[in-house]
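A.B. asks: This is the content of run.txt (compact mmCIF, C-alpha atoms):
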# COMPACT_ATOMS: atom_id res chain seq x y z
CA MET A 255 -8.52 6.39 -26.80
CA THR A 256 -7.02 2.89 -26.50
CA PRO A 257 -6.12 1.54 -23.01
CA ALA A 258 -2.39 1.77 -23.79
CA ASN A 259 -2.68 5.38 -24.95
CA ASN A 260 -4.76 6.30 -21.91
CA ASP A 261 -2.14 4.84 -19.56
CA LEU A 262 0.69 6.53 -21.45
CA LYS A 263 -1.12 9.86 -21.08
CA LEU A 264 -1.49 9.28 -17.33
CA ILE A 265 2.19 8.36 -16.97
CA ILE A 266 3.31 11.51 -18.81
CA MET A 267 1.05 13.56 -16.51
CA LEU A 268 2.55 11.89 -13.42
CA PHE A 269 6.13 12.49 -14.53
CA SER A 270 5.35 16.13 -15.35
CA ASN A 271 4.84 16.73 -11.60
CA ILE A 272 8.62 16.77 -11.15
CA GLY A 273 8.46 20.54 -11.58
CA MET A 274 6.33 20.70 -8.43
CA ILE A 275 9.34 19.29 -6.57
CA LEU A 276 12.10 21.30 -8.24
CA VAL A 277 10.47 24.74 -8.05
CA PRO A 278 9.87 24.82 -4.24
CA LEU A 279 13.30 23.29 -3.60
CA GLY A 280 15.03 25.79 -5.88
CA PHE A 281 13.11 28.72 -4.39
CA CYS A 282 13.98 27.72 -0.82
CA LYS A 283 17.61 26.95 -1.57
CA LEU A 284 18.50 29.74 -4.00
CA ILE A 285 16.14 32.58 -3.05
CA GLN A 286 15.31 32.08 0.62
CA LYS A 287 18.70 30.49 1.42
CA ARG A 288 16.98 27.86 3.54
CA ASN A 289 18.35 24.47 4.41
CA LEU A 290 16.29 21.77 2.69
CA ALA A 291 15.98 20.04 6.06
CA THR A 292 13.44 22.76 6.92
CA LEU A 293 11.19 21.20 4.27
CA GLY A 294 11.58 17.78 5.85
CA PHE A 295 14.40 16.50 3.66
CA ARG A 296 16.41 14.80 6.38
CA LYS A 297 19.13 12.40 5.23
CA LYS A 298 19.23 10.24 8.35
CA GLY A 299 16.89 7.26 7.96
CA ALA A 300 15.37 8.62 4.73
CA PHE A 301 15.05 5.21 3.04
CA LYS A 302 13.60 3.62 6.17
CA GLU A 303 11.08 6.43 6.56
CA TYR A 304 10.05 6.20 2.90
CA LEU A 305 9.44 2.46 3.26
CA LEU A 306 7.45 3.06 6.45
CA GLY A 307 5.28 5.59 4.65
CA ALA A 308 4.84 3.25 1.68
CA ALA A 309 3.80 0.34 3.91
CA THR A 310 1.31 2.39 5.94
CA GLY A 311 -0.07 3.96 2.76
CA PHE A 312 -0.81 0.52 1.33
CA LEU A 313 -2.35 -0.72 4.57
CA ALA A 314 -4.47 2.41 5.01
CA PHE A 315 -5.92 2.24 1.50
CA SER A 316 -6.42 -1.52 1.86
CA ALA A 317 -8.47 -0.78 4.98
CA ALA A 318 -10.75 1.49 2.91
CA VAL A 319 -11.09 -1.24 0.27
CA LEU A 320 -11.91 -3.78 2.99
CA ILE A 321 -14.72 -1.55 4.28
CA CYS A 322 -16.15 -1.38 0.77
CA VAL A 323 -15.87 -5.15 0.26
CA ILE A 324 -17.49 -5.92 3.64
CA THR A 325 -20.36 -3.50 2.91
CA GLY A 326 -20.79 -4.99 -0.56
CA THR A 327 -20.11 -1.71 -2.34
CA VAL A 328 -16.97 -2.88 -4.16
CA LYS A 329 -16.38 -6.31 -5.70
CA ILE A 330 -12.90 -7.65 -6.42
CA GLU A 331 -13.31 -10.07 -9.31
CA GLY A 332 -9.77 -11.45 -9.53
CA LEU A 333 -6.67 -10.71 -11.58
CA SER A 334 -6.89 -8.19 -14.38
CA GLU A 335 -6.22 -9.22 -17.98
CA THR A 336 -4.78 -5.79 -18.82
CA PHE A 337 -1.86 -5.83 -16.35
CA THR A 338 1.62 -5.47 -17.88
CA MET A 339 4.80 -5.34 -15.79
CA GLY A 340 6.55 -2.72 -17.94
CA MET A 341 3.66 -0.28 -17.68
CA PHE A 342 3.29 -1.03 -13.96
CA VAL A 343 6.95 -0.10 -13.33
CA LEU A 344 6.38 3.22 -15.12
CA PHE A 345 3.37 3.87 -12.89
CA VAL A 346 5.46 3.07 -9.80
CA LEU A 347 8.04 5.67 -10.86
CA GLY A 348 5.36 8.14 -11.89
CA PHE A 349 3.50 7.94 -8.60
CA MET A 350 6.78 8.23 -6.69
CA ILE A 351 7.20 11.61 -8.38
CA GLN A 352 3.56 12.72 -8.16
CA GLY A 353 3.09 11.73 -4.52
CA MET A 354 6.31 13.39 -3.40
CA ALA A 355 5.55 16.49 -5.49
CA GLU A 356 2.25 17.18 -3.75
CA GLU A 357 3.80 16.54 -0.35
CA VAL A 358 6.75 18.86 -1.00
CA LEU A 359 4.44 21.63 -2.19
CA CYS A 360 1.61 21.31 0.35
CA ARG A 361 3.34 19.96 3.45
CA GLY A 362 7.07 20.56 3.06
CA TYR A 363 6.83 24.10 1.74
CA PHE A 364 3.36 25.57 2.29
CA MET A 365 2.53 24.11 5.71
CA VAL A 366 6.03 24.61 7.14
CA SER A 367 6.19 28.18 5.86
CA LEU A 368 2.78 29.02 7.33
CA GLY A 369 3.66 27.31 10.59
CA ARG A 370 6.69 29.54 11.07
CA ARG A 371 4.47 32.64 11.33
CA ASN A 372 1.07 31.29 12.41
CA PRO A 373 -0.44 28.74 14.82
CA MET A 374 0.30 25.20 13.64
CA TRP A 375 -3.37 24.22 13.60
CA ALA A 376 -4.01 27.00 11.06
CA ALA A 377 -1.10 25.86 8.89
CA ILE A 378 -2.43 22.29 8.92
CA LEU A 379 -5.98 23.33 8.03
CA LEU A 380 -4.98 25.80 5.32
CA ASN A 381 -2.60 23.43 3.55
CA ALA A 382 -5.25 20.69 3.69
CA LEU A 383 -7.78 23.05 2.07
CA VAL A 384 -5.29 24.01 -0.65
CA PHE A 385 -4.52 20.33 -1.26
CA ALA A 386 -8.23 19.54 -1.62
CA ALA A 387 -8.76 22.55 -3.92
CA MET A 388 -6.06 21.18 -6.26
CA HIS A 389 -8.50 18.36 -7.10
CA LEU A 390 -11.59 20.48 -7.79
CA LEU A 391 -11.35 19.98 -11.57
CA ASN A 392 -11.02 16.19 -11.34
CA ASP A 393 -13.81 14.03 -12.74
CA GLY A 394 -16.40 12.90 -10.22
CA ILE A 395 -15.55 15.47 -7.54
CA SER A 396 -18.26 15.87 -4.90
CA VAL A 397 -18.79 17.60 -1.56
CA LEU A 398 -17.89 14.40 0.32
CA ALA A 399 -14.81 13.88 -1.88
CA PHE A 400 -13.65 17.41 -1.07
CA ILE A 401 -14.20 16.83 2.66
CA ASN A 402 -12.27 13.56 2.46
CA LEU A 403 -9.37 15.25 0.71
CA VAL A 404 -9.26 17.86 3.48
CA LEU A 405 -9.26 15.05 6.07
CA TYR A 406 -6.49 13.29 4.14
CA GLY A 407 -4.49 16.54 4.11
CA ILE A 408 -4.90 16.88 7.88
CA PHE A 409 -3.89 13.27 8.45
CA ILE A 410 -0.77 13.41 6.27
CA SER A 411 0.21 16.74 7.86
CA LEU A 412 0.08 15.18 11.32
CA TYR A 413 1.99 12.13 10.06
CA PHE A 414 4.66 14.40 8.55
CA MET A 415 4.97 16.32 11.82
CA LYS A 416 5.13 13.19 13.97
CA ARG A 417 7.91 11.59 11.91
CA GLY A 418 9.69 14.91 11.27
CA ASN A 419 10.50 14.29 7.60
CA ILE A 420 8.96 14.51 4.14
CA TRP A 421 10.02 11.01 3.11
CA VAL A 422 7.35 9.25 5.15
CA ALA A 423 4.64 11.51 3.69
CA GLY A 424 5.91 11.02 0.14
CA GLY A 425 6.03 7.25 0.53
CA PHE A 426 2.52 7.14 2.00
CA HIS A 427 0.99 9.35 -0.69
CA SER A 428 2.70 7.59 -3.61
CA VAL A 429 1.76 4.06 -2.59
CA TRP A 430 -1.75 5.13 -1.57
CA ASN A 431 -2.32 6.28 -5.17
CA LEU A 432 -0.49 3.32 -6.69
CA ALA A 433 -2.54 0.87 -4.63
CA GLN A 434 -5.88 2.27 -5.67
CA GLY A 435 -5.08 2.80 -9.33
CA ASN A 436 -2.71 -0.02 -10.26
CA ILE A 437 -3.17 -2.71 -7.65
CA TYR A 438 -6.89 -2.66 -6.77
CA GLY A 439 -8.02 -1.14 -10.07
CA ILE A 440 -10.02 1.71 -8.53
CA LEU A 441 -10.34 5.28 -9.79
CA VAL A 442 -7.65 7.66 -8.49
CA SER A 443 -9.44 10.95 -7.84
CA GLY A 444 -11.55 10.36 -10.95
CA MET A 445 -8.73 8.95 -13.13
CA ARG A 446 -8.73 5.34 -14.34
CA SER A 447 -5.75 3.22 -15.33
CA ASP A 448 -6.05 0.03 -17.36
CA CYS A 449 -2.76 -1.38 -16.03
CA THR A 450 -4.00 -2.86 -12.77
CA LEU A 451 -3.16 -6.07 -10.93
CA LEU A 452 -6.73 -6.71 -9.72
CA LYS A 453 -10.05 -6.12 -11.40
CA SER A 454 -12.56 -4.32 -9.19
CA THR A 455 -16.06 -2.99 -9.81
CA THR A 456 -18.07 -0.51 -7.77
CA VAL A 457 -21.72 -1.26 -7.07
CA GLN A 458 -24.02 1.38 -8.51
CA GLY A 459 -26.34 3.09 -6.09
CA ARG A 460 -23.80 2.75 -3.25
CA GLU A 461 -21.68 5.77 -4.15
CA ILE A 462 -22.00 7.20 -0.64
CA VAL A 463 -19.65 4.41 0.52
CA ASN A 464 -17.51 3.59 -2.54
CA GLY A 465 -17.18 7.12 -3.91
CA GLY A 466 -18.66 6.41 -7.33
CA ALA A 467 -17.04 8.28 -10.22
CA PHE A 468 -14.33 9.80 -8.01
CA GLY A 469 -13.16 6.49 -6.57
CA ILE A 470 -12.99 5.36 -2.95
CA GLU A 471 -11.57 8.76 -1.96
CA GLY A 472 -15.06 10.15 -2.56
CA GLY A 473 -16.93 7.82 -0.19
CA LEU A 474 -17.53 7.15 3.49
CA ALA A 475 -14.95 4.33 3.51
CA MET A 476 -12.28 7.00 3.01
CA THR A 477 -13.89 9.21 5.67
CA ILE A 478 -13.69 6.42 8.24
CA VAL A 479 -10.04 5.60 7.48
CA CYS A 480 -8.94 9.25 7.57
CA LEU A 481 -10.77 10.02 10.81
CA ALA A 482 -9.33 6.88 12.42
CA GLY A 483 -5.84 7.89 11.28
CA ILE A 484 -6.23 11.45 12.58
CA LEU A 485 -7.52 10.20 15.94
CA PHE A 486 -4.63 7.75 16.24
CA LEU A 487 -2.01 10.41 15.52
CA VAL A 488 -3.63 12.96 17.85
CA LEU A 489 -3.70 10.41 20.67
CA CYS A 490 -0.08 9.42 19.98
CA CYS A 491 1.04 13.04 20.09
CA SER A 492 -0.92 13.63 23.30
CA ASN A 493 0.61 10.61 24.99
CA LYS A 494 4.08 11.71 23.91
CA LYS A 495 3.57 15.16 25.47
CA GLU A 496 2.31 13.65 28.74
CA SER A 497 5.30 11.30 29.02
Could you render the structure from this file as structure tokens?
C.D. replies:
Amino acid sequence: MTPANNDLKLIIMLFSNIGMILVPLGFCKLIQKRNLATLGFRKKGAFKEYLLGAATGFLAFSAAVLICVITGTVKIEGLSETFTMGMFVLFVLGFMIQGMAEEVLCRGYFMVSLGRRNPMWAAILLNALVFAAMHLLNDGISVLAFINLVLYGIFISLYFMKRGNIWVAGGFHSVWNLAQGNIYGILVSGMRSDCTLLKSTTVQGREIVNGGAFGIEGGLAMTIVCLAGILFLVLCCSNKKES
């Protein structure tokens, strides 16, 4: 498969996730007669929250890349020769859909619904496990990658709860994926795009840090970033309760 055809296939797959947004929204609105605000769709400050999520998503993934660069497990070799602006824009739109879709399904619908009838810690853990299980068929999946995806699910659940809306989670998730696949040129949960701003290579034999065939999400760099994020949010929530 040529690079262009591979990227086109990925873009079609990303856009197809729109059903993952429409089905939960339609079910809640038409069947359960719920206000969409219960899923985190709050109009006030939506654009600002999405930008906040996008910015923190980029910074968080950049932190994982920095760990890999410092440890010598990933090398950034400069600008990529295969970058095209038109294809990049399609990836931006595609990841906006895909990132929001997984957040609506796992956090907005599943976690919120569970949390209405069960302890919140159970809702957070269960939705994180379901989120990780959604990636079990991806190329390069490993035990550490699965653990990292659970940690990511816990982190983004806490972030969603702290901000009180789905927009911040959708922005974070979308730009996290865009950054690794189309800015840094790293595998996105085992999937590679040829339209990337930077050209990066992973050092063989150091998969425990850089994630190997799954991408950085499968290595200890991701573990460190997720644990740091979870700790930060837990401490923030604790301080808020005390005050």
A.B. asks: What does the distance from atom CA of Phe486 of chain A to atom CA of Ile420 of chain A come to in Å, to one decimal?
C.D. replies: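 Value for the atom CA of Phe486 of chain A-atom CA of Ile420 of chain A distance: 19.4 Å.
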A.B. asks: If you measure from atom CA of Ala376 of chain A to atom CA of Leu487 of chain A, what distance in Å do you get, rounded to one decimal?
C.D. replies: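 Distance between the two atoms: 17.3 Å.
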A.B. asks: Pick the closest to Asn431 of chain A from A:Leu474, A:Leu262, A:Met445, A:Leu390: which is it, counting all atoms listed in the file?
C.D. replies: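 Looking only at the distances to Asn431 of chain A, the closest residue turns out to be A:Met445.
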A.B. asks: Give me the residues of segment 274-359 of chain A that have any atom at most 10 Å from an atom of segment 454-465 of chain A; for each, the nearest atom pair and the distance in Å, rounded to one decimal. Use all atoms listed in the file, sort by chain and number, and format it as a Markdown table.
C.D. replies:
| residue | atom | partner | partner_atom | distance |
| --- | --- | --- | --- | --- |
| A:Ala318 | CA | A:Asn464 | CA | 8.9 |
| A:Val319 | CA | A:Asn464 | CA | 8.5 |
| A:Ile321 | CA | A:Val463 | CA | 8.6 |
| A:Cys322 | CA | A:Asn464 | CA | 6.1 |
| A:Val323 | CA | A:Asn464 | CA | 9.3 |
| A:Thr325 | CA | A:Val463 | CA | 8.3 |
| A:Gly326 | CA | A:Val457 | CA | 7.6 |
| A:Thr327 | CA | A:Val457 | CA | 5.0 |
| A:Val328 | CA | A:Thr456 | CA | 4.5 |
| A:Lys329 | CA | A:Thr455 | CA | 5.3 |
| A:Ile330 | CA | A:Ser454 | CA | 4.3 |
| A:Glu331 | CA | A:Ser454 | CA | 5.8 |
| A:Gly332 | CA | A:Ser454 | CA | 7.7 |
| A:Leu333 | CA | A:Ser454 | CA | 9.0 |
| A:Ser334 | CA | A:Ser454 | CA | 8.6 |
A.B. asks: Interatomic distance between atom CA of Leu264 of chain A and atom CA of Ala467 of chain A?
C.D. replies: 17.1 Å
A.B. asks: Out of A:Met341, A:Leu347, A:Leu405, A:Leu485, which residue has the shortest atom-to-atom distance to Asn259 of chain A when counting only C-alpha atoms?
C.D. replies: A:Met341
A.B. asks: Taking 6 positions as the minimum chain separation for residues in the same chain, which residues sit within 9 Å of Leu279 of chain A when counting all atoms listed in the file? Answer as a ChimeraX atom specification.
C.D. replies: /A:290,293,358,363
A.B. asks: I'd like the contact shell of Ser270 of chain A - 9 Å cut-off, all atoms listed in the file, skipping same-chain residues fewer than 6 positions apart - returned as an mmCIF file with C-alpha atoms, in the coordinates of the input.
C.D. replies:
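Writing the result to around.cif gives the following:
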data_model
loop_
_atom_site.group_PDB
_atom_site.id
_atom_site.type_symbol
_atom_site.label_atom_id
_atom_site.label_comp_id
_atom_site.auth_asym_id
_atom_site.auth_seq_id
_atom_site.Cartn_x
_atom_site.Cartn_y
_atom_site.Cartn_z
ATOM 1 C CA GLY A 348 5.360 8.140 -11.890
ATOM 2 C CA ILE A 351 7.200 11.610 -8.380
ATOM 3 C CA GLN A 352 3.560 12.720 -8.160
#
A.B. asks: Near Glu356 of chain A, within 10 Å and counting all atoms listed in the file, which residues show up once chain neighbours fewer than 2 positions away are dropped, as a list of chain:residue names?
C.D. replies: A:Asn271, A:Ile272, A:Met274, A:Ile275, A:Ile351, A:Gln352, A:Gly353, A:Met354, A:Val358, A:Leu359, A:Cys360, A:Arg361, A:Gly362, A:Tyr363, A:Phe385, A:Met388, A:Ala423, A:Gly424, A:His427, A:Ser428
A.B. asks: Between A:Gly444, A:Gly473, A:Phe301, A:Gly483, which has the minimum distance to Ile401 of chain A (counting only C-alpha atoms)?
C.D. replies: A:Gly473
A.B. asks: Which of these residues is nearest to Ile484 of chain A, using only C-alpha atoms: A:Gly294, A:Gly469, A:Pro373, A:Gly407?
C.D. replies: A:Gly407
A.B. asks: Which of these residues is nearest to Ala291 of chain A, using all atoms listed in the file: A:Ala386, A:Val366, A:Leu391, A:Met476?
C.D. replies: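 Closest to Ala291 of chain A, using all atoms listed in the file: A:Val366.
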A.B. asks: For Ala399 of chain A, which of A:Ser443, A:Gly273, A:Lys416, A:Leu481 is the closest residue, counting all atoms listed in the file?
C.D. replies: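 That would be A:Ser443, the residue with the smallest distance to Ala399 of chain A.
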A.B. asks: Please tell me which residues are no farther than 12 Å from (-9.4, -5.9, -14.5) in the file, counting all atoms listed in the file, and write them as a PyMOL selection string.
C.D. replies: chain A and resi 257+329-338+435-440+446-455
A.B. asks: Give me segment 403-417 of chain A with N, CA, C and O atoms filled in, as a PDB file, in the frame of the given file.
C.D. replies:
ATOM      1  N   LEU A 403     -10.700  14.777   1.081  1.00  0.00           N
ATOM      2  CA  LEU A 403      -9.370  15.250   0.710  1.00  0.00           C
ATOM      3  C   LEU A 403      -8.807  16.203   1.770  1.00  0.00           C
ATOM      4  O   LEU A 403      -7.605  16.202   2.036  1.00  0.00           O
ATOM      5  N   VAL A 404      -9.687  17.007   2.380  1.00  0.00           N
ATOM      6  CA  VAL A 404      -9.260  17.860   3.480  1.00  0.00           C
ATOM      7  C   VAL A 404      -8.816  16.997   4.660  1.00  0.00           C
ATOM      8  O   VAL A 404      -7.772  17.249   5.273  1.00  0.00           O
ATOM      9  N   LEU A 405      -9.609  15.963   4.972  1.00  0.00           N
ATOM     10  CA  LEU A 405      -9.260  15.050   6.070  1.00  0.00           C
ATOM     11  C   LEU A 405      -7.933  14.350   5.776  1.00  0.00           C
ATOM     12  O   LEU A 405      -7.100  14.182   6.677  1.00  0.00           O
ATOM     13  N   TYR A 406      -7.752  13.933   4.530  1.00  0.00           N
ATOM     14  CA  TYR A 406      -6.490  13.290   4.140  1.00  0.00           C
ATOM     15  C   TYR A 406      -5.325  14.264   4.344  1.00  0.00           C
ATOM     16  O   TYR A 406      -4.267  13.886   4.851  1.00  0.00           O
ATOM     17  N   GLY A 407      -5.529  15.531   3.942  1.00  0.00           N
ATOM     18  CA  GLY A 407      -4.490  16.540   4.110  1.00  0.00           C
ATOM     19  C   GLY A 407      -4.144  16.760   5.571  1.00  0.00           C
ATOM     20  O   GLY A 407      -2.974  16.933   5.922  1.00  0.00           O
ATOM     21  N   ILE A 408      -5.152  16.742   6.443  1.00  0.00           N
ATOM     22  CA  ILE A 408      -4.900  16.880   7.880  1.00  0.00           C
ATOM     23  C   ILE A 408      -4.132  15.686   8.407  1.00  0.00           C
ATOM     24  O   ILE A 408      -3.160  15.829   9.160  1.00  0.00           O
ATOM     25  N   PHE A 409      -4.564  14.490   7.996  1.00  0.00           N
ATOM     26  CA  PHE A 409      -3.890  13.270   8.450  1.00  0.00           C
ATOM     27  C   PHE A 409      -2.419  13.255   8.032  1.00  0.00           C
ATOM     28  O   PHE A 409      -1.533  13.017   8.861  1.00  0.00           O
ATOM     29  N   ILE A 410      -2.144  13.509   6.755  1.00  0.00           N
ATOM     30  CA  ILE A 410      -0.770  13.410   6.270  1.00  0.00           C
ATOM     31  C   ILE A 410       0.089  14.524   6.861  1.00  0.00           C
ATOM     32  O   ILE A 410       1.304  14.357   7.046  1.00  0.00           O
ATOM     33  N   SER A 411      -0.524  15.653   7.191  1.00  0.00           N
ATOM     34  CA  SER A 411       0.210  16.740   7.860  1.00  0.00           C
ATOM     35  C   SER A 411       0.657  16.297   9.248  1.00  0.00           C
ATOM     36  O   SER A 411       1.808  16.531   9.649  1.00  0.00           O
ATOM     37  N   LEU A 412      -0.249  15.673   9.980  1.00  0.00           N
ATOM     38  CA  LEU A 412       0.080  15.180  11.320  1.00  0.00           C
ATOM     39  C   LEU A 412       1.141  14.083  11.256  1.00  0.00           C
ATOM     40  O   LEU A 412       2.039  14.019  12.101  1.00  0.00           O
ATOM     41  N   TYR A 413       1.027  13.224  10.250  1.00  0.00           N
ATOM     42  CA  TYR A 413       1.990  12.130  10.060  1.00  0.00           C
ATOM     43  C   TYR A 413       3.381  12.701   9.768  1.00  0.00           C
ATOM     44  O   TYR A 413       4.397  12.257  10.311  1.00  0.00           O
ATOM     45  N   PHE A 414       3.421  13.699   8.899  1.00  0.00           N
ATOM     46  CA  PHE A 414       4.660  14.400   8.550  1.00  0.00           C
ATOM     47  C   PHE A 414       5.292  15.026   9.799  1.00  0.00           C
ATOM     48  O   PHE A 414       6.501  14.906  10.051  1.00  0.00           O
ATOM     49  N   MET A 415       4.473  15.669  10.614  1.00  0.00           N
ATOM     50  CA  MET A 415       4.970  16.320  11.820  1.00  0.00           C
ATOM     51  C   MET A 415       5.458  15.304  12.844  1.00  0.00           C
ATOM     52  O   MET A 415       6.491  15.510  13.493  1.00  0.00           O
ATOM     53  N   LYS A 416       4.737  14.197  12.994  1.00  0.00           N
ATOM     54  CA  LYS A 416       5.130  13.190  13.970  1.00  0.00           C
ATOM     55  C   LYS A 416       6.459  12.535  13.624  1.00  0.00           C
ATOM     56  O   LYS A 416       7.311  12.331  14.494  1.00  0.00           O
ATOM     57  N   ARG A 417       6.676  12.253  12.345  1.00  0.00           N
ATOM     58  CA  ARG A 417       7.910  11.590  11.910  1.00  0.00           C
ATOM     59  C   ARG A 417       9.034  12.601  11.669  1.00  0.00           C
ATOM     60  O   ARG A 417      10.211  12.230  11.640  1.00  0.00           O
TER      61      ARG A 417
END
